[in-house]
>>> print(open('target09.pdb').read())   # PDB, C-alpha atoms
ATOM      1  CA  SER A   1     -34.479  14.978  41.099  1.00  0.00           C
ATOM      2  CA  VAL A   2     -30.704  15.137  40.774  1.00  0.00           C
ATOM      3  CA  THR A   3     -28.167  12.353  40.330  1.00  0.00           C
ATOM      4  CA  SER A   4     -24.701  12.429  41.852  1.00  0.00           C
ATOM      5  CA  ARG A   5     -21.686  12.035  39.583  1.00  0.00           C
ATOM      6  CA  GLY A   6     -18.972  10.895  41.964  1.00  0.00           C
ATOM      7  CA  MET A   7     -17.153  14.229  41.773  1.00  0.00           C
ATOM      8  CA  THR A   8     -14.820  14.990  44.664  1.00  0.00           C
ATOM      9  CA  GLY A   9     -14.612  18.466  46.166  1.00  0.00           C
ATOM     10  CA  PRO A  10     -11.449  19.349  44.197  1.00  0.00           C
ATOM     11  CA  GLN A  11     -13.163  18.130  41.007  1.00  0.00           C
ATOM     12  CA  TRP A  12     -16.146  20.401  41.727  1.00  0.00           C
ATOM     13  CA  VAL A  13     -13.758  23.350  42.195  1.00  0.00           C
ATOM     14  CA  GLU A  14     -12.193  22.706  38.773  1.00  0.00           C
ATOM     15  CA  HIS A  15     -15.617  22.088  37.194  1.00  0.00           C
ATOM     16  CA  TYR A  16     -16.897  25.459  38.408  1.00  0.00           C
ATOM     17  CA  LYS A  17     -13.759  27.313  37.343  1.00  0.00           C
ATOM     18  CA  ALA A  18     -14.234  25.894  33.835  1.00  0.00           C
ATOM     19  CA  LYS A  19     -17.935  26.898  33.798  1.00  0.00           C
ATOM     20  CA  GLY A  20     -17.342  30.419  35.110  1.00  0.00           C
ATOM     21  CA  VAL A  21     -19.233  29.804  38.344  1.00  0.00           C
ATOM     22  CA  GLN A  22     -17.751  31.841  41.165  1.00  0.00           C
ATOM     23  CA  LEU A  23     -16.891  30.107  44.440  1.00  0.00           C
ATOM     24  CA  SER A  24     -16.873  31.878  47.767  1.00  0.00           C
ATOM     25  CA  LYS A  25     -13.825  31.229  49.935  1.00  0.00           C
ATOM     26  CA  TRP A  26     -16.048  29.377  52.391  1.00  0.00           C
ATOM     27  CA  ALA A  27     -17.587  27.164  49.673  1.00  0.00           C
ATOM     28  CA  THR A  28     -14.067  26.257  48.554  1.00  0.00           C
ATOM     29  CA  ASP A  29     -13.221  25.402  52.182  1.00  0.00           C
ATOM     30  CA  VAL A  30     -16.244  23.092  52.377  1.00  0.00           C
ATOM     31  CA  LEU A  31     -15.467  21.428  49.040  1.00  0.00           C
ATOM     32  CA  LEU A  32     -11.856  20.808  50.086  1.00  0.00           C
ATOM     33  CA  SER A  33     -12.823  19.487  53.517  1.00  0.00           C
ATOM     34  CA  PRO A  34     -12.297  15.763  54.164  1.00  0.00           C
ATOM     35  CA  ASP A  35     -15.922  15.804  55.397  1.00  0.00           C
ATOM     36  CA  PHE A  36     -17.204  16.515  51.860  1.00  0.00           C
ATOM     37  CA  LYS A  37     -18.065  13.041  50.580  1.00  0.00           C
ATOM     38  CA  PRO A  38     -19.108  12.407  46.979  1.00  0.00           C
ATOM     39  CA  ASN A  39     -21.605   9.806  45.866  1.00  0.00           C
ATOM     40  CA  ASN A  40     -21.912   8.277  42.422  1.00  0.00           C
ATOM     41  CA  GLY A  41     -25.155   7.441  40.670  1.00  0.00           C
ATOM     42  CA  VAL A  42     -27.361   8.280  43.662  1.00  0.00           C
ATOM     43  CA  THR A  43     -30.600   9.974  42.634  1.00  0.00           C
ATOM     44  CA  THR A  44     -32.140  12.311  45.182  1.00  0.00           C
ATOM     45  CA  ARG A  45     -35.657  13.668  44.949  1.00  0.00           C
ATOM     46  CA  VAL A  46     -35.502  17.246  46.172  1.00  0.00           C
ATOM     47  CA  ALA A  47     -38.027  19.474  47.919  1.00  0.00           C
ATOM     48  CA  VAL A  48     -37.397  23.176  48.369  1.00  0.00           C
ATOM     49  CA  LEU A  49     -39.161  25.026  51.162  1.00  0.00           C
ATOM     50  CA  LYS A  50     -39.462  28.680  50.201  1.00  0.00           C
ATOM     51  CA  GLY A  51     -38.588  31.296  52.771  1.00  0.00           C
ATOM     52  CA  ILE A  52     -41.957  32.988  52.259  1.00  0.00           C
ATOM     53  CA  LEU A  53     -43.614  29.957  53.904  1.00  0.00           C
ATOM     54  CA  PHE A  54     -42.270  31.206  57.236  1.00  0.00           C
ATOM     55  CA  LYS A  55     -43.098  34.321  59.230  1.00  0.00           C
ATOM     56  CA  ASP A  56     -40.094  36.614  59.607  1.00  0.00           C
ATOM     57  CA  ASN A  57     -39.459  35.580  63.244  1.00  0.00           C
ATOM     58  CA  ASP A  58     -39.857  31.880  62.351  1.00  0.00           C
ATOM     59  CA  ARG A  59     -37.474  31.852  59.381  1.00  0.00           C
ATOM     60  CA  VAL A  60     -34.591  30.453  61.427  1.00  0.00           C
ATOM     61  CA  THR A  61     -32.545  27.317  60.892  1.00  0.00           C
ATOM     62  CA  SER A  62     -34.095  25.290  63.727  1.00  0.00           C
ATOM     63  CA  LYS A  63     -37.681  26.021  62.638  1.00  0.00           C
ATOM     64  CA  ILE A  64     -36.917  25.347  58.987  1.00  0.00           C
ATOM     65  CA  ARG A  65     -35.437  21.972  59.947  1.00  0.00           C
ATOM     66  CA  ALA A  66     -38.478  21.269  62.183  1.00  0.00           C
ATOM     67  CA  GLU A  67     -40.838  21.984  59.271  1.00  0.00           C
ATOM     68  CA  ALA A  68     -38.814  19.660  57.043  1.00  0.00           C
ATOM     69  CA  ASP A  69     -38.960  16.938  59.721  1.00  0.00           C
ATOM     70  CA  GLU A  70     -42.730  17.344  59.992  1.00  0.00           C
ATOM     71  CA  ARG A  71     -42.998  16.857  56.224  1.00  0.00           C
ATOM     72  CA  LYS A  72     -40.746  13.768  56.515  1.00  0.00           C
ATOM     73  CA  PHE A  73     -37.961  15.380  54.479  1.00  0.00           C
ATOM     74  CA  THR A  74     -34.402  14.374  55.343  1.00  0.00           C
ATOM     75  CA  LYS A  75     -30.972  15.982  55.299  1.00  0.00           C
ATOM     76  CA  PRO A  76     -29.444  15.653  51.848  1.00  0.00           C
ATOM     77  CA  GLU A  77     -25.786  15.060  51.111  1.00  0.00           C
ATOM     78  CA  ALA A  78     -23.654  18.203  50.871  1.00  0.00           C
ATOM     79  CA  GLU A  79     -23.122  17.682  47.145  1.00  0.00           C
ATOM     80  CA  LEU A  80     -26.775  18.599  46.630  1.00  0.00           C
ATOM     81  CA  GLY A  81     -25.696  22.252  46.778  1.00  0.00           C
ATOM     82  CA  CYS A  82     -23.333  21.590  43.867  1.00  0.00           C
ATOM     83  CA  LEU A  83     -25.914  19.652  41.880  1.00  0.00           C
ATOM     84  CA  ILE A  84     -28.495  22.422  42.311  1.00  0.00           C
ATOM     85  CA  ARG A  85     -25.970  25.060  41.188  1.00  0.00           C
ATOM     86  CA  ASP A  86     -25.302  22.947  38.097  1.00  0.00           C
ATOM     87  CA  MET A  87     -28.962  22.295  37.359  1.00  0.00           C
ATOM     88  CA  PHE A  88     -30.361  25.831  37.501  1.00  0.00           C
ATOM     89  CA  THR A  89     -29.274  29.125  35.994  1.00  0.00           C
ATOM     90  CA  ASN A  90     -29.634  32.333  37.976  1.00  0.00           C
ATOM     91  CA  GLU A  91     -32.615  33.213  35.802  1.00  0.00           C
ATOM     92  CA  GLU A  92     -34.363  29.937  36.621  1.00  0.00           C
ATOM     93  CA  ILE A  93     -33.745  30.396  40.349  1.00  0.00           C
ATOM     94  CA  ARG A  94     -35.108  33.953  40.193  1.00  0.00           C
ATOM     95  CA  ALA A  95     -38.153  32.674  38.251  1.00  0.00           C
ATOM     96  CA  MET A  96     -38.890  30.530  41.310  1.00  0.00           C
ATOM     97  CA  GLY A  97     -39.027  33.745  43.346  1.00  0.00           C
ATOM     98  CA  LEU A  98     -35.696  32.990  45.031  1.00  0.00           C
ATOM     99  CA  THR A  99     -32.214  34.479  45.195  1.00  0.00           C
ATOM    100  CA  LEU A 100     -30.575  31.410  46.681  1.00  0.00           C
ATOM    101  CA  ILE A 101     -31.180  27.724  47.244  1.00  0.00           C
ATOM    102  CA  VAL A 102     -29.325  26.253  50.203  1.00  0.00           C
ATOM    103  CA  ALA A 103     -28.921  22.502  50.692  1.00  0.00           C
ATOM    104  CA  PHE A 104     -29.790  21.817  54.343  1.00  0.00           C
ATOM    105  CA  HIS A 105     -27.199  19.031  54.662  1.00  0.00           C
ATOM    106  CA  GLU A 106     -25.206  18.185  57.773  1.00  0.00           C
ATOM    107  CA  PRO A 107     -23.027  21.296  58.199  1.00  0.00           C
ATOM    108  CA  ILE A 108     -19.352  21.026  57.233  1.00  0.00           C
ATOM    109  CA  LYS A 109     -16.816  23.183  59.046  1.00  0.00           C
ATOM    110  CA  ASP A 110     -14.875  25.761  57.080  1.00  0.00           C
ATOM    111  CA  SER A 111     -11.225  26.663  57.693  1.00  0.00           C
ATOM    112  CA  VAL A 112     -12.190  28.896  60.629  1.00  0.00           C
ATOM    113  CA  GLY A 113     -14.305  26.160  62.212  1.00  0.00           C
ATOM    114  CA  TYR A 114     -17.751  27.570  61.441  1.00  0.00           C
ATOM    115  CA  PRO A 115     -20.476  25.116  60.331  1.00  0.00           C
ATOM    116  CA  ASP A 116     -21.482  25.819  56.721  1.00  0.00           C
ATOM    117  CA  LEU A 117     -24.125  24.767  54.204  1.00  0.00           C
ATOM    118  CA  LEU A 118     -23.586  24.913  50.430  1.00  0.00           C
ATOM    119  CA  GLY A 119     -25.962  26.849  48.249  1.00  0.00           C
ATOM    120  CA  ALA A 120     -26.543  28.307  44.804  1.00  0.00           C
ATOM    121  CA  TYR A 121     -26.616  32.098  45.010  1.00  0.00           C
ATOM    122  CA  CYS A 122     -27.772  34.524  42.322  1.00  0.00           C
ATOM    123  CA  SER A 123     -25.959  37.815  42.028  1.00  0.00           C
ATOM    124  CA  GLY A 124     -25.636  40.420  39.332  1.00  0.00           C
ATOM    125  CA  GLY A 125     -22.020  39.296  38.958  1.00  0.00           C
ATOM    126  CA  GLY A 126     -22.999  35.838  37.746  1.00  0.00           C
ATOM    127  CA  PRO A 127     -23.705  32.470  39.328  1.00  0.00           C
ATOM    128  CA  TRP A 128     -22.124  31.604  42.672  1.00  0.00           C
ATOM    129  CA  LEU A 129     -21.690  28.525  44.813  1.00  0.00           C
ATOM    130  CA  SER A 130     -21.556  29.945  48.311  1.00  0.00           C
ATOM    131  CA  ALA A 131     -21.394  28.577  51.820  1.00  0.00           C
ATOM    132  CA  TYR A 132     -23.580  29.869  54.616  1.00  0.00           C
ATOM    133  CA  CYS A 133     -22.577  29.741  58.269  1.00  0.00           C
ATOM    134  CA  VAL A 134     -25.453  28.089  60.034  1.00  0.00           C
ATOM    135  CA  LYS A 135     -26.506  28.008  63.676  1.00  0.00           C
ATOM    136  CA  PRO A 136     -29.916  26.995  65.093  1.00  0.00           C
ATOM    137  CA  ASP A 137     -31.167  30.560  65.594  1.00  0.00           C
ATOM    138  CA  ASP A 138     -29.703  32.063  62.410  1.00  0.00           C
ATOM    139  CA  ALA A 139     -32.291  34.000  60.422  1.00  0.00           C
ATOM    140  CA  TRP A 140     -32.740  33.578  56.670  1.00  0.00           C
ATOM    141  CA  ASP A 141     -34.035  35.884  53.949  1.00  0.00           C
ATOM    142  CA  SER A 142     -37.597  35.406  52.688  1.00  0.00           C
ATOM    143  CA  ARG A 143     -36.182  34.960  49.168  1.00  0.00           C
ATOM    144  CA  GLY A 144     -34.185  31.921  50.231  1.00  0.00           C
ATOM    145  CA  GLY A 145     -35.049  28.353  49.336  1.00  0.00           C
ATOM    146  CA  PHE A 146     -34.105  25.462  51.619  1.00  0.00           C
ATOM    147  CA  ALA A 147     -33.454  22.130  49.893  1.00  0.00           C
ATOM    148  CA  PHE A 148     -34.083  18.758  51.508  1.00  0.00           C
ATOM    149  CA  ALA A 149     -34.180  15.160  50.321  1.00  0.00           C
ATOM    150  CA  VAL A 150     -37.536  13.471  49.841  1.00  0.00           C
ATOM    151  CA  PRO A 151     -37.380   9.822  50.962  1.00  0.00           C
ATOM    152  CA  GLN A 152     -38.106   7.200  48.348  1.00  0.00           C
ATOM    153  CA  VAL A 153     -41.470   5.526  48.756  1.00  0.00           C
ATOM    154  CA  SER A 154     -41.174   1.747  48.779  1.00  0.00           C
ATOM    155  CA  SER A 155     -43.865  -0.230  47.035  1.00  0.00           C
TER
END
>>> encode(input="target09.pdb", output="structure tokens")
Amino acid sequence: SVTSRGMTGPQWVEHYKAKGVQLSKWATDVLLSPDFKPNNGVTTRVAVLKGILFKDNDRVTSKIRAEADERKFTKPEAELGCLIRDMFTNEEIRAMGLTLIVAFHEPIKDSVGYPDLLGAYCSGGGPWLSAYCVKPDDAWDSRGGFAFAVPQVSS
């Protein structure tokens, strides 16, 4: 589970600069978009579907979303990508058998107009918050993790 902190996109940019997390140009575009909306104090239970769960030809955006729907997972807020990057080090993400964890939120358009998703990426050059252009038939790497929100169960 992660809890939002009410940080705006520009605040996330400054936060990451201070922490030494690298931002891709496209992630910065998404964070500075008026469509990036922060929440405050909202706790989200997170499920990550690993890329290895899918056959190579089935590891595409539309089929990943369909699997999440079947499991009753929902689209998280875009800030989930930021919260995941803050929560896990590169070493912890790699220990999960992954090289990236992408929040499968509603895509936000970058400055060129492409729909992007935010994700924590592990590289030898340090931690990154990246943005991934996403279309229904886009293929993903088997070492990717795809993060969704798990609905709260009412009692």
>>> resolve_selection(input="target09.pdb", expression="the PyMOL selection byres ((chain A and resi 142) around 10)", output="PDB file with C-alpha atoms, in the coordinates of the input")
ATOM      1  CA  LYS A  50     -39.462  28.680  50.201  1.00  0.00           C
ATOM      2  CA  GLY A  51     -38.588  31.296  52.771  1.00  0.00           C
ATOM      3  CA  ILE A  52     -41.957  32.988  52.259  1.00  0.00           C
ATOM      4  CA  LEU A  53     -43.614  29.957  53.904  1.00  0.00           C
ATOM      5  CA  PHE A  54     -42.270  31.206  57.236  1.00  0.00           C
ATOM      6  CA  LYS A  55     -43.098  34.321  59.230  1.00  0.00           C
ATOM      7  CA  ASP A  56     -40.094  36.614  59.607  1.00  0.00           C
ATOM      8  CA  ARG A  59     -37.474  31.852  59.381  1.00  0.00           C
ATOM      9  CA  GLY A  97     -39.027  33.745  43.346  1.00  0.00           C
ATOM     10  CA  LEU A  98     -35.696  32.990  45.031  1.00  0.00           C
ATOM     11  CA  THR A  99     -32.214  34.479  45.195  1.00  0.00           C
ATOM     12  CA  ALA A 139     -32.291  34.000  60.422  1.00  0.00           C
ATOM     13  CA  TRP A 140     -32.740  33.578  56.670  1.00  0.00           C
ATOM     14  CA  ASP A 141     -34.035  35.884  53.949  1.00  0.00           C
ATOM     15  CA  ARG A 143     -36.182  34.960  49.168  1.00  0.00           C
ATOM     16  CA  GLY A 144     -34.185  31.921  50.231  1.00  0.00           C
ATOM     17  CA  GLY A 145     -35.049  28.353  49.336  1.00  0.00           C
TER      18      GLY A 145
END
>>> resolve_selection(input="target09.pdb", expression="the PyMOL selection byres ((chain A and resi 67-78) around 8)", output="number ranges by chain")
A: 36-37, 44, 47, 49, 63-66, 79-82, 103-107, 117-118, 147-151
>>> resolve_selection(input="target09.pdb", expression="the PyMOL selection byres ((chain A and resi 85) around 10)", output="ChimeraX atom specification")
/A:16,21,79-84,86-90,93,100-102,118-122,127-130
>>> atom_distance(input="target09.pdb", atom1="atom CA of A:Val42", atom2="atom CA of A:Lys25")
27.4 Å
>>> atom_distance(input="target09.pdb", atom1="atom CA of A:Asp110", atom2="atom CA of A:Asp29")
5.2 Å
>>> residues_around(input="target09.pdb", residues="A:Leu32", least_positions_apart="3", cutoff="9 Å", atoms="all atoms listed in the file", output="ChimeraX atom specification")
/A:8-10,13,27-29,35-36
>>> atom_distance(input="target09.pdb", atom1="atom CA of A:Gly126", atom2="atom CA of A:Lys19")
11.0 Å
>>> closest_residue(input="target09.pdb", among="A:Ser1, A:Ser33, A:Asn40, A:Gln22", to="A:Asp116", atoms="only C-alpha atoms")
A:Ser33
>>> axis_aligned_box(input="target09.pdb", around="stretch 132-149 of chain A", padding_each_side="5 Å", output="AutoDock Vina command-line options")
--center_x -30.1 --center_y 25.5 --center_z 57.4 --size_x 25.0 --size_y 30.7 --size_z 26.4
>>> build_atoms(input="target09.pdb", residues="stretch 69-80 of chain A", atoms="all heavy atoms", output="tab-separated table (two decimals), keeping the file's coordinate frame")
chain	number	residue	atom	x	y	z
A	69	ASP	N	-38.73	18.20	58.99
A	69	ASP	CA	-38.96	16.94	59.72
A	69	ASP	C	-40.44	16.58	59.72
A	69	ASP	O	-40.81	15.42	59.52
A	69	ASP	CB	-38.46	17.05	61.17
A	69	ASP	CG	-36.95	17.07	61.29
A	69	ASP	OD1	-36.25	16.73	60.30
A	69	ASP	OD2	-36.46	17.43	62.38
A	70	GLU	N	-41.29	17.58	59.96
A	70	GLU	CA	-42.73	17.34	59.99
A	70	GLU	C	-43.24	16.83	58.64
A	70	GLU	O	-44.14	16.01	58.58
A	70	GLU	CB	-43.45	18.64	60.37
A	70	GLU	CG	-44.89	18.42	60.73
A	70	GLU	CD	-45.49	19.64	61.40
A	70	GLU	OE1	-44.93	20.10	62.40
A	70	GLU	OE2	-46.51	20.12	60.88
A	71	ARG	N	-42.61	17.29	57.58
A	71	ARG	CA	-43.00	16.86	56.22
A	71	ARG	C	-42.28	15.56	55.81
A	71	ARG	O	-42.41	15.13	54.68
A	71	ARG	CB	-42.69	17.96	55.22
A	71	ARG	CG	-43.53	19.20	55.40
A	71	ARG	CD	-43.09	20.30	54.46
A	71	ARG	NE	-43.80	21.53	54.69
A	71	ARG	CZ	-44.52	22.17	53.77
A	71	ARG	NH1	-44.60	21.68	52.54
A	71	ARG	NH2	-45.12	23.29	54.06
A	72	LYS	N	-41.49	15.01	56.74
A	72	LYS	CA	-40.75	13.77	56.52
A	72	LYS	C	-39.63	13.92	55.49
A	72	LYS	O	-39.21	12.96	54.86
A	72	LYS	CB	-41.67	12.62	56.10
A	72	LYS	CG	-42.85	12.38	57.02
A	72	LYS	CD	-42.44	11.70	58.28
A	72	LYS	CE	-43.63	11.24	59.09
A	72	LYS	NZ	-43.94	12.05	60.24
A	73	PHE	N	-39.12	15.15	55.31
A	73	PHE	CA	-37.96	15.38	54.48
A	73	PHE	C	-36.72	15.05	55.30
A	73	PHE	O	-36.75	15.10	56.53
A	73	PHE	CB	-37.87	16.83	54.01
A	73	PHE	CG	-39.04	17.29	53.17
A	73	PHE	CD1	-39.34	18.64	53.10
A	73	PHE	CD2	-39.83	16.42	52.45
A	73	PHE	CE1	-40.40	19.10	52.33
A	73	PHE	CE2	-40.89	16.85	51.68
A	73	PHE	CZ	-41.18	18.20	51.62
A	74	THR	N	-35.63	14.73	54.64
A	74	THR	CA	-34.40	14.37	55.34
A	74	THR	C	-33.25	15.27	54.89
A	74	THR	O	-33.35	15.97	53.88
A	74	THR	CB	-34.03	12.89	55.08
A	74	THR	OG1	-33.84	12.70	53.67
A	74	THR	CG2	-35.12	11.95	55.59
A	75	LYS	N	-32.16	15.22	55.66
A	75	LYS	CA	-30.97	15.98	55.30
A	75	LYS	C	-30.36	15.36	54.04
A	75	LYS	O	-30.12	14.15	54.01
A	75	LYS	CB	-29.93	15.94	56.41
A	75	LYS	CG	-30.24	16.80	57.59
A	75	LYS	CD	-29.11	16.74	58.61
A	75	LYS	CE	-29.48	17.48	59.87
A	75	LYS	NZ	-28.46	17.32	60.92
A	76	PRO	N	-30.10	16.17	53.05
A	76	PRO	CA	-29.44	15.65	51.85
A	76	PRO	C	-27.94	15.56	52.07
A	76	PRO	O	-27.42	16.01	53.09
A	76	PRO	CB	-29.77	16.73	50.81
A	76	PRO	CG	-29.82	17.99	51.62
A	76	PRO	CD	-30.42	17.60	52.94
A	77	GLU	N	-27.25	15.02	51.11
A	77	GLU	CA	-25.79	15.06	51.11
A	77	GLU	C	-25.35	16.47	50.73
A	77	GLU	O	-26.07	17.19	50.05
A	77	GLU	CB	-25.22	14.04	50.11
A	77	GLU	CG	-25.55	12.60	50.44
A	77	GLU	CD	-24.96	12.13	51.75
A	77	GLU	OE1	-23.85	12.58	52.10
A	77	GLU	OE2	-25.61	11.33	52.44
A	78	ALA	N	-24.15	16.86	51.15
A	78	ALA	CA	-23.65	18.20	50.87
A	78	ALA	C	-23.56	18.49	49.37
A	78	ALA	O	-23.76	19.62	48.94
A	78	ALA	CB	-22.29	18.41	51.54
A	79	GLU	N	-23.27	17.45	48.58
A	79	GLU	CA	-23.12	17.68	47.14
A	79	GLU	C	-24.41	18.17	46.49
A	79	GLU	O	-24.38	18.67	45.37
A	79	GLU	CB	-22.61	16.42	46.45
A	79	GLU	CG	-23.61	15.30	46.43
A	79	GLU	CD	-23.02	13.99	45.91
A	79	GLU	OE1	-22.01	14.02	45.20
A	79	GLU	OE2	-23.61	12.96	46.23
A	80	LEU	N	-25.53	18.09	47.20
A	80	LEU	CA	-26.78	18.60	46.63
A	80	LEU	C	-26.64	20.08	46.28
A	80	LEU	O	-27.15	20.53	45.25
A	80	LEU	CB	-27.96	18.39	47.58
A	80	LEU	CG	-29.30	18.93	47.05
A	80	LEU	CD1	-29.71	18.22	45.76
A	80	LEU	CD2	-30.37	18.80	48.11
